[in-house]
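Enquirer: My structure is below; once you've seen it, I'll send some questions.
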Amino acid sequence: MQHKLFIDGKFVDAVEGATFETLDPHDGSVLAEIAEARAQDVDRATAAATSAFPAWSRMAAAERGRLLLRLADAIDDDVENLALLETRDTGHPIRDTRGLDVPRTAATFRYFGGMADKFQGSVIPVEQGFLDYVLPEPLGVVGQIVPWNFPVMFTSWKLGPALAAGNCVVMKPSEISPLSALRVAELAAAVGFPPGVINMVPGFGASAGARIVDHPGIAKVSFTGSTAVGKGIARSAAETLKQVHLELGGKGANIVFDDADISAAVNGTAFGIFHNQGQACIAASRLIVHAKVKDEFMERLVTLTRSIKVGDPKDSATEMGPLTSAMHRDRVLTHLALTQQDGGKVLAGGGVPQDRALAAGYYVEPTIVEVDPGARVAQEEVFGPFMTVHTFTTEDEALAIANDVAYGLGGGLWTSDLSRAHRIARDLRAGMVWVNSYKRVNPGSPFGGVGVSGYGREMGFEAMREYSSPKAIWINVDAQLPAYYPRG
Ligand code: NAD
């Protein structure tokens, strides 16, 4: 288990010698003491990345890709270790970290490894006598700040495209779950990434994070996290005119029509909200169900929800683990209390599990509440195993409820009517829409939002564009230019 900062290819202590603890959310025990990066450490990391940049950006793209492909293989080989590390640090059940998160991390690095030498420039058909070509140039050193909910996956979402495009990176993992990112850095060093290309500076937002945003040597900050912090980052980044990419919160609408396959929709809805304890920006946190099928649908969903196996995330039979931090558990419980004030009716869950074996952990029951769509808990991101239910009878009503939030990240619908599927997909205010499924992601498919869910995109060609700048180069091949100042 690595617990130091990773700067210039080496694991090092923090300049000021500060450390912080990362805890096991299953029982609150200390997992590791981590070196805490502060401003001077970010400066060191940025200096290392700046020195590494000329050689890295001029390396043949295929060579950069080959290193990313090797890293993908190393992650696959390390799946048991990385999955357990992630499970212990985040509380995410081992069946998911082993079966989804780590394989997806490898797949995303592999995708961008393959992308490195396919991301090409273009030639523009300009006036006769000129050759005008456009080179996608890397930006330089990019800063990446990530949250605690899918930390291993986020290393690949952020590092993959940035490195493939030829940038060097200073990444700040969350102070709550830094372990898997440090392991990915260790694997990257082992497969031959040059020193300084990847730097990991775990630490707190107000110190390490803020320094990344302020640092004049960092060309862009790519931030995934809450909308409140994202707004502050956009404001601060204006000082250095840094580019900003913001992946922020969500409040996903999940519409079930009366012609939907009810079994598939019940299962997909439960997965959409309760996977990773609801700690997903694209969680299906608002169910909008047609009045005609509501009773049957809710009966089946509530029965399924009550049967979800909540427990030690290291147990491979566990379907839902603890929330990742005590502070976040308390935030979710505050929202549960608010539900009552808002006149909400609890249909399932609604508190902490009574199992004494879980008493020291940060557990919350999978919870479903019926409440007015305008209620605070139906408008604010709860980011936990907490879903609100709303009823509709017409398409317009369903869309009005779905789009009446400030967020616009993911959304879904269940129907067997093809035209309706396309109509609603078009009219949902969201960056991603799933029809008869929920929460699908793929390294090739753009990921990001609209409204207060942020701007910019992860994944695919869009992510490569996020991390490069087009340079137009004009060559006078044989153009005869009339003299603009004939006397010269
Ligand atoms: P957060 O905003 O509190 O923190 C995210 C990261 O920012 C952490 O690394 C934190 O240390 C850092 N940070 C905090 N204050 C900072 C500051 N002033 N300057 C620079 N960095 C700072 O979010 P969180 O609680 O860790 O994560 C949950 C949030 O992330 C939710 O809102 C969720 O929706 C969002 N999220 C979004 C996506 C997406 O792709 N859109 C994905 C996952 C999570």
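Numbering starts fresh at 1 for the residues of each chain in the structure tokens, the chains themselves are lettered A, B, ... in the order given, and ligands are numbered from 1 as they appear.
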Which residues sit within 9 Å of ligand 1, counting only C-alpha atoms and all ligand atoms, listed as JSON, numbers by chain?

Expert: {"A": [144, 145, 146, 147, 148, 149, 150, 151, 154, 172, 173, 174, 175, 176, 202, 203, 204, 205, 206, 207, 208, 209, 210, 211, 212, 213, 223, 224, 225, 226, 227, 228, 229, 230, 232, 233, 236, 246, 247, 248, 249, 250, 251, 279, 280, 281, 282, 283, 328, 381, 382, 383, 409, 447, 448, 449, 453, 454, 457, 458]}

Enquirer: Write out as a count of residues only the set of residues from region 246-323 of chain A that DSSP, computed on the backbone, places in alpha helix (DSSP H).

Expert: 29

Enquirer: What gap, in Å, lies between CA of Gly268 (chain A) and CA of Ala406 (chain A)?

Expert: 24.1 Å

Enquirer: Run DSSP on the backbone and tell me which residues of region 181-247 of chain A come out as strand (DSSP E); list them as a compact mmCIF listing (two decimals) with N, CA, C and O atoms, in the first residue's frame.

Expert:
# COMPACT_ATOMS: atom_id res chain seq x y z
N ILE A 198 3.47 11.68 -14.76
CA ILE A 198 2.30 11.53 -13.88
C ILE A 198 2.77 11.89 -12.47
O ILE A 198 3.77 11.36 -11.99
N ASN A 199 2.04 12.79 -11.82
CA ASN A 199 2.35 13.12 -10.42
C ASN A 199 1.06 13.05 -9.61
O ASN A 199 0.01 13.51 -10.08
N MET A 200 1.14 12.46 -8.42
CA MET A 200 -0.06 12.32 -7.56
C MET A 200 0.17 13.09 -6.28
O MET A 200 1.14 12.81 -5.55
N LYS A 220 -4.47 23.89 -17.59
CA LYS A 220 -5.91 23.57 -17.55
C LYS A 220 -6.19 22.82 -16.25
O LYS A 220 -5.35 22.05 -15.78
N VAL A 221 -7.37 23.04 -15.71
CA VAL A 221 -7.78 22.21 -14.58
C VAL A 221 -9.03 21.45 -14.99
O VAL A 221 -9.99 22.02 -15.50
N SER A 222 -8.95 20.13 -14.81
CA SER A 222 -10.11 19.28 -15.06
C SER A 222 -10.61 18.82 -13.70
O SER A 222 -9.89 18.13 -12.97
N PHE A 223 -11.82 19.22 -13.37
CA PHE A 223 -12.34 18.98 -12.01
C PHE A 223 -13.58 18.12 -12.06
O PHE A 223 -14.50 18.38 -12.84
N THR A 224 -13.61 17.10 -11.24
CA THR A 224 -14.84 16.34 -11.01
C THR A 224 -15.17 16.47 -9.53
O THR A 224 -14.32 16.19 -8.67
N GLN A 243 -7.80 27.12 -18.66
CA GLN A 243 -9.00 26.43 -19.16
C GLN A 243 -9.57 25.60 -18.01
O GLN A 243 -8.83 25.10 -17.17
N VAL A 244 -10.89 25.45 -18.02
CA VAL A 244 -11.55 24.69 -16.95
C VAL A 244 -12.51 23.69 -17.57
O VAL A 244 -13.22 23.99 -18.52
N HIS A 245 -12.48 22.49 -17.06
CA HIS A 245 -13.42 21.44 -17.45
C HIS A 245 -14.10 20.99 -16.16
O HIS A 245 -13.42 20.62 -15.20
N LEU A 246 -15.43 21.05 -16.13
CA LEU A 246 -16.15 20.79 -14.88
C LEU A 246 -17.14 19.63 -15.04
O LEU A 246 -18.06 19.71 -15.85
N GLU A 247 -16.92 18.59 -14.26
CA GLU A 247 -17.86 17.45 -14.19
C GLU A 247 -18.48 17.50 -12.81
O GLU A 247 -17.85 17.11 -11.82

Enquirer: Once you count only C-alpha atoms, what closest atom pair and distance in Å to one decimal does each residue of region 109-183 of chain A within 7 Å of region 37-52 of chain A have, with rows by chain and rising residue number, as a Markdown table?

Expert:
| residue | atom | partner | partner_atom | distance |
| --- | --- | --- | --- | --- |
| A:Val141 | CA | A:Ala49 | CA | 6.2 |
| A:Cys168 | CA | A:Ala49 | CA | 5.4 |
| A:Val169 | CA | A:Ala49 | CA | 6.4 |
| A:Val170 | CA | A:Ala45 | CA | 6.4 |

Enquirer: Restricting the calculation to only C-alpha atoms: of A:Ile7, A:Pro385, A:Ala253, A:Val30, which residue gets closest to Met171 (chain A)?

Expert: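 Going through A:Ile7, A:Pro385, A:Ala253, A:Val30 one by one, the smallest distance to Met171 (chain A) is for A:Ile7.
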
Enquirer: Counting only C-alpha atoms, what are the residues of region 142-203 of chain A within 7 Å of region 86-103 of chain A, and for each of them which pair of atoms is the nearest and at what distance in Å, to one decimal? Sort the table by chain and rising number, as a Markdown table.

Expert:
| residue | atom | partner | partner_atom | distance |
| --- | --- | --- | --- | --- |
| A:Val152 | CA | A:Val102 | CA | 6.9 |
| A:Met153 | CA | A:Asp101 | CA | 5.9 |
| A:Ser177 | CA | A:Asp89 | CA | 5.4 |
| A:Leu179 | CA | A:Asp89 | CA | 6.9 |
| A:Ser180 | CA | A:Glu86 | CA | 5.9 |
